[in-house]
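Structure data (compact mmCIF, C-alpha atoms and all ligand atoms) from run-v3.txt:
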```txt
# COMPACT_ATOMS: atom_id res chain seq x y z
CA MET W 1 37.84 18.47 5.92
CA ASN W 2 34.09 18.85 6.17
CA ALA W 3 32.62 21.50 8.43
CA PRO W 4 30.80 20.12 11.50
CA ALA W 5 27.21 19.19 10.72
CA VAL W 6 25.26 21.96 12.45
CA GLU W 7 21.62 21.04 12.04
CA ARG W 8 18.23 22.37 13.01
CA THR W 9 15.32 20.27 14.21
CA LEU W 10 11.68 20.95 15.01
CA VAL W 11 10.67 20.12 18.57
CA LEU W 12 7.05 20.25 19.68
CA VAL W 13 6.23 20.27 23.37
CA LYS W 14 2.86 18.57 22.98
CA PRO W 15 -0.44 19.58 24.66
CA ASP W 16 -0.08 16.97 27.41
CA ALA W 17 3.30 18.39 28.44
CA VAL W 18 2.04 21.99 28.29
CA ARG W 19 -1.00 21.07 30.42
CA ARG W 20 1.24 19.37 32.98
CA GLY W 21 3.57 22.35 33.24
CA LEU W 22 6.55 20.52 31.73
CA VAL W 23 7.61 23.16 29.17
CA GLY W 24 10.42 24.36 31.41
CA GLU W 25 11.62 20.83 32.12
CA VAL W 26 11.79 19.95 28.41
CA LEU W 27 13.61 23.19 27.53
CA ARG W 28 15.95 22.67 30.49
CA ARG W 29 17.03 19.30 29.14
CA ILE W 30 17.58 20.71 25.64
CA GLU W 31 19.66 23.57 26.98
CA ALA W 32 21.55 21.36 29.45
CA LYS W 33 22.59 19.17 26.52
CA GLY W 34 24.11 22.29 24.96
CA TYR W 35 21.72 22.93 22.10
CA ALA W 36 20.62 26.43 21.12
CA LEU W 37 17.04 27.67 20.87
CA VAL W 38 16.50 29.46 17.55
CA ALA W 39 12.75 30.18 17.67
CA ALA W 40 9.84 29.32 19.94
CA GLU W 41 6.12 29.92 19.72
CA LEU W 42 3.20 28.80 21.88
CA ARG W 43 0.17 28.16 19.70
CA THR W 44 -2.81 25.89 19.23
CA ALA W 45 -2.30 24.13 15.91
CA ASP W 46 -5.19 23.84 13.49
CA THR W 47 -6.14 20.60 11.80
CA ALA W 48 -4.70 21.60 8.42
CA LEU W 49 -1.24 22.21 9.87
CA LEU W 50 -1.34 18.91 11.76
CA HIS W 51 -2.44 16.98 8.66
CA ASP W 52 0.60 18.38 6.86
CA HIS W 53 2.89 17.80 9.82
CA TYR W 54 1.80 14.16 10.25
CA ALA W 55 1.23 13.42 6.53
CA GLU W 56 3.32 10.24 6.74
CA HIS W 57 0.76 8.81 9.18
CA ALA W 58 -2.40 9.67 7.20
CA GLY W 59 -4.66 6.64 6.94
CA LYS W 60 -3.26 4.87 10.01
CA PRO W 61 -5.78 3.96 12.73
CA PHE W 62 -4.26 6.39 15.23
CA PHE W 63 -4.20 9.35 12.82
CA GLY W 64 -7.59 10.83 13.83
CA PRO W 65 -6.97 10.57 17.59
CA LEU W 66 -3.45 11.92 17.07
CA VAL W 67 -4.65 15.04 15.26
CA GLU W 68 -7.45 15.53 17.79
CA PHE W 69 -4.99 15.29 20.68
CA MET W 70 -2.44 17.56 19.04
CA SER W 71 -5.08 20.27 18.49
CA SER W 72 -6.54 19.92 22.01
CA GLY W 73 -4.50 22.77 23.44
CA PRO W 74 -1.40 24.85 22.89
CA VAL W 75 1.91 23.30 21.89
CA LEU W 76 5.27 24.99 22.18
CA ALA W 77 6.95 24.76 18.77
CA VAL W 78 10.70 25.19 19.02
CA VAL W 79 13.51 25.23 16.47
CA VAL W 80 16.63 23.80 18.09
CA GLN W 81 20.12 23.99 16.63
CA GLY W 82 23.39 22.15 17.14
CA GLU W 83 25.74 19.52 15.80
CA ARG W 84 23.73 16.34 15.11
CA VAL W 85 20.76 17.82 16.99
CA ILE W 86 18.26 15.77 14.98
CA GLU W 87 19.43 12.44 16.37
CA GLY W 88 20.51 14.09 19.63
CA PHE W 89 17.02 15.33 20.45
CA ARG W 90 15.46 11.99 19.44
CA SER W 91 17.82 10.43 21.97
CA LEU W 92 16.78 12.92 24.66
CA ALA W 93 13.11 12.24 23.85
CA GLY W 94 13.27 8.45 24.06
CA SER W 95 11.28 5.88 22.16
CA THR W 96 7.68 6.48 21.08
CA ASP W 97 5.87 4.49 23.78
CA PRO W 98 6.40 6.42 27.04
CA THR W 99 5.66 3.39 29.20
CA THR W 100 8.73 1.59 27.91
CA ALA W 101 10.93 4.55 26.90
CA ALA W 102 14.26 4.37 28.70
CA PRO W 103 14.60 6.08 32.08
CA GLY W 104 16.68 9.22 31.65
CA THR W 105 14.73 10.28 28.58
CA ILE W 106 11.93 12.86 28.49
CA ARG W 107 9.29 10.26 27.64
CA GLY W 108 10.78 7.64 29.96
CA ASP W 109 11.08 9.93 32.97
CA LEU W 110 7.93 12.02 32.57
CA GLY W 111 5.46 10.02 30.48
CA ARG W 112 3.37 6.88 30.70
CA ASP W 113 0.22 5.35 29.26
CA TRP W 114 -2.70 7.34 30.68
CA GLY W 115 -5.22 5.12 28.89
CA ARG W 116 -4.79 6.53 25.40
CA ALA W 117 -2.06 4.18 24.21
CA VAL W 118 1.08 5.96 23.02
CA THR W 119 -0.60 9.04 21.56
CA GLU W 120 0.30 11.27 24.50
CA ASN W 121 4.07 11.16 24.66
CA LEU W 122 5.02 14.74 25.55
CA VAL W 123 7.32 15.73 22.69
CA HIS W 124 7.90 15.54 18.96
CA GLY W 125 11.28 15.73 17.27
CA SER W 126 12.03 15.60 13.55
CA ASP W 127 13.49 12.23 12.54
CA ALA W 128 15.78 13.17 9.60
CA ALA W 129 17.26 16.18 7.81
CA GLY W 130 14.53 16.20 5.17
CA SER W 131 11.69 16.04 7.66
CA ALA W 132 13.32 18.72 9.83
CA GLU W 133 13.49 21.12 6.91
CA ARG W 134 9.92 20.32 5.89
CA GLU W 135 8.53 20.65 9.43
CA ILE W 136 10.40 23.88 10.22
CA GLY W 137 8.93 25.30 7.00
CA LEU W 138 5.42 24.35 8.11
CA TRP W 139 5.64 25.75 11.64
CA PHE W 140 7.98 28.70 11.02
CA PRO W 141 7.56 29.77 7.39
CA ALA W 142 9.53 32.96 8.08
CA LEU W 143 12.72 31.05 8.94
P1 LIG W 201 7.69 9.49 17.03
O1 LIG W 201 6.90 10.63 17.60
O2 LIG W 201 8.45 8.76 18.08
O3 LIG W 201 8.53 9.90 15.84
P2 LIG W 201 5.89 8.28 15.08
O4 LIG W 201 6.39 9.26 14.09
O5 LIG W 201 5.92 6.84 14.72
O6 LIG W 201 6.63 8.42 16.50
O7 LIG W 201 4.37 8.62 15.44
C1 LIG W 201 3.97 9.96 15.57
C2 LIG W 201 3.09 10.07 16.79
O8 LIG W 201 1.90 9.32 16.60
C3 LIG W 201 3.70 9.50 18.06
O9 LIG W 201 4.53 10.42 18.72
C4 LIG W 201 2.51 9.12 18.87
C5 LIG W 201 1.51 8.69 17.81
N1 LIG W 201 1.53 7.24 17.61
C6 LIG W 201 2.47 6.52 16.97
N2 LIG W 201 2.17 5.21 16.96
C7 LIG W 201 0.99 5.12 17.59
C8 LIG W 201 0.13 4.03 17.92
N3 LIG W 201 0.41 2.77 17.57
N4 LIG W 201 -1.01 4.32 18.60
C9 LIG W 201 -1.32 5.57 18.95
N5 LIG W 201 -0.56 6.65 18.68
C10 LIG W 201 0.58 6.42 18.01
MG MG W 202 7.93 10.63 13.98
```
Here is the file; what I need is its structure written in the form of structure tokens.
Amino acid sequence: MNAPAVERTLVLVKPDAVRRGLVGEVLRRIEAKGYALVAAELRTADTALLHDHYAEHAGKPFFGPLVEFMSSGPVLAVVVQGERVIEGFRSLAGSTDPTTAAPGTIRGDLGRDWGRAVTENLVHGSDAAGSAEREIGLWFPAL
């Protein structure tokens, strides 16, 4: 029998959530779900890191505003661990557009469109095993 799939994912509590004092609320939901915090660091990301992090979106119309927003203040970068945590955190986060994200999710309960479309949506979570490994390597090279 296969061992349970313990995974790690990269969560970013984005600058809008940090500014609004929602770090504790986001971490509370992660911990309440039963996931473990492996590493956490509050830092203001530079443009080079964000270009790497969001490489899949380079060239899209929202890429410039996204990088500008993400470098506008500190983010809390967190490595979270647990069985199926990659899809589990995406479920906690809710869909990309906070206005229509389901109630009960981080984005659905705490976010909305403040006039900058869907760019400001409180949290990032890796979307697959490969991107989790890549993103954890970018933000926490020592892990
Ligand atoms: P997610 O963060 O849900 O994985 P994504 O990877 O498609 O979403 O996009 C990365 C981020 O870019 C997203 O969290 C917010 C921003 N974004 C996505 N689509 C956008 C759009 N149409 N306009 C403005 N910002 C957008
Ligand atoms: Mg994504």
With distances taken over all atoms listed in the file, the candidate from W:Val85, W:Leu22, W:Leu37, W:Met70 nearest ligand LIG 201 (chain W) is W:Met70
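Residues within 10 Å of stretch 52-61 of chain W, counting all atoms listed in the file and excluding same-chain residues fewer than 5 positions away, are Thr47, Leu66, Val67, Ser131, Arg134, Glu135, Ile136, Leu138 and Trp139 of chain W.
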- How would you write, as number ranges by chain, the set of residues no farther than 7 Å from ligand LIG 201 (chain W) when counting all atoms listed in the file? W: 62, 66, 95-96, 117-121, 124-125, 127
Taking (14.1, 10.8, 23.7) in the file's own coordinates, collect the residues within 8 Å, counting all atoms listed in the file, and hand them back as a VMD selection string.
-> chain W and resid 89 to 95 101 105 to 108
Enclose the full set of atoms of stretch 32-43 of chain W listed in the file within a box whose edges lie along x, y and z, apply 3 Å of padding to each of the six sides, and report centre and edge lengths in Å to one decimal as lines of an AutoDock Vina configuration file.
```
center_x = 12.1
center_y = 24.7
center_z = 23.5
size_x = 29.9
size_y = 17.0
size_z = 17.9
```
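Computed from the coordinates, the atom CA of W:Ala128 to atom CA of W:Ile30 distance equals 17.8 Å.
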When you draw a straight line from atom CA of W:Leu27 to atom CA of W:Asp97, how long is it in Å?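 Here the two named atoms are 20.6 Å from each other.
Restricting the calculation to only C-alpha atoms and all ligand atoms, the smallest distance between ligand MG 202 (chain W) and any of W:Ala5, W:Val23, W:Val80, W:Leu12 is found for W:Leu12.
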Separating atom CA of W:Arg29 from atom CA of W:Val11, to the nearest tenth of an Å, is a gap of 12.4 Å
For the point (1.6, 24.7, 15.5) in the file's frame, write as a CSV table (one decimal) with C-alpha atoms, in the frame of the given file all residues with an atom no more than 10 Å away, counting only C-alpha atoms.
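Result file result12.csv:
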```csv
chain,number,residue,atom,x,y,z
W,12,LEU,CA,7.0,20.2,19.7
W,14,LYS,CA,2.9,18.6,23.0
W,41,GLU,CA,6.1,29.9,19.7
W,42,LEU,CA,3.2,28.8,21.9
W,43,ARG,CA,0.2,28.2,19.7
W,44,THR,CA,-2.8,25.9,19.2
W,45,ALA,CA,-2.3,24.1,15.9
W,46,ASP,CA,-5.2,23.8,13.5
W,47,THR,CA,-6.1,20.6,11.8
W,48,ALA,CA,-4.7,21.6,8.4
W,49,LEU,CA,-1.2,22.2,9.9
W,50,LEU,CA,-1.3,18.9,11.8
W,53,HIS,CA,2.9,17.8,9.8
W,70,MET,CA,-2.4,17.6,19.0
W,71,SER,CA,-5.1,20.3,18.5
W,74,PRO,CA,-1.4,24.8,22.9
W,75,VAL,CA,1.9,23.3,21.9
W,76,LEU,CA,5.3,25.0,22.2
W,77,ALA,CA,7.0,24.8,18.8
W,78,VAL,CA,10.7,25.2,19.0
W,138,LEU,CA,5.4,24.4,8.1
W,139,TRP,CA,5.6,25.8,11.6
W,140,PHE,CA,8.0,28.7,11.0
```
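With distances restricted to only C-alpha atoms, W:Leu10 is the closest residue to W:Gly137 from W:Ala102, W:Leu110, W:Leu10, W:Val26.
Among the candidates W:Pro103, W:Arg116, W:Pro15, W:Gly21, the one nearest to W:Pro65 when counting all atoms listed in the file is W:Arg116.
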Given only C-alpha atoms as the basis, pick out the residue of W:Glu133, W:Glu7, W:Glu25, W:Asp16 nearest to W:Asp109.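 The closest residue to W:Asp109 is W:Glu25.
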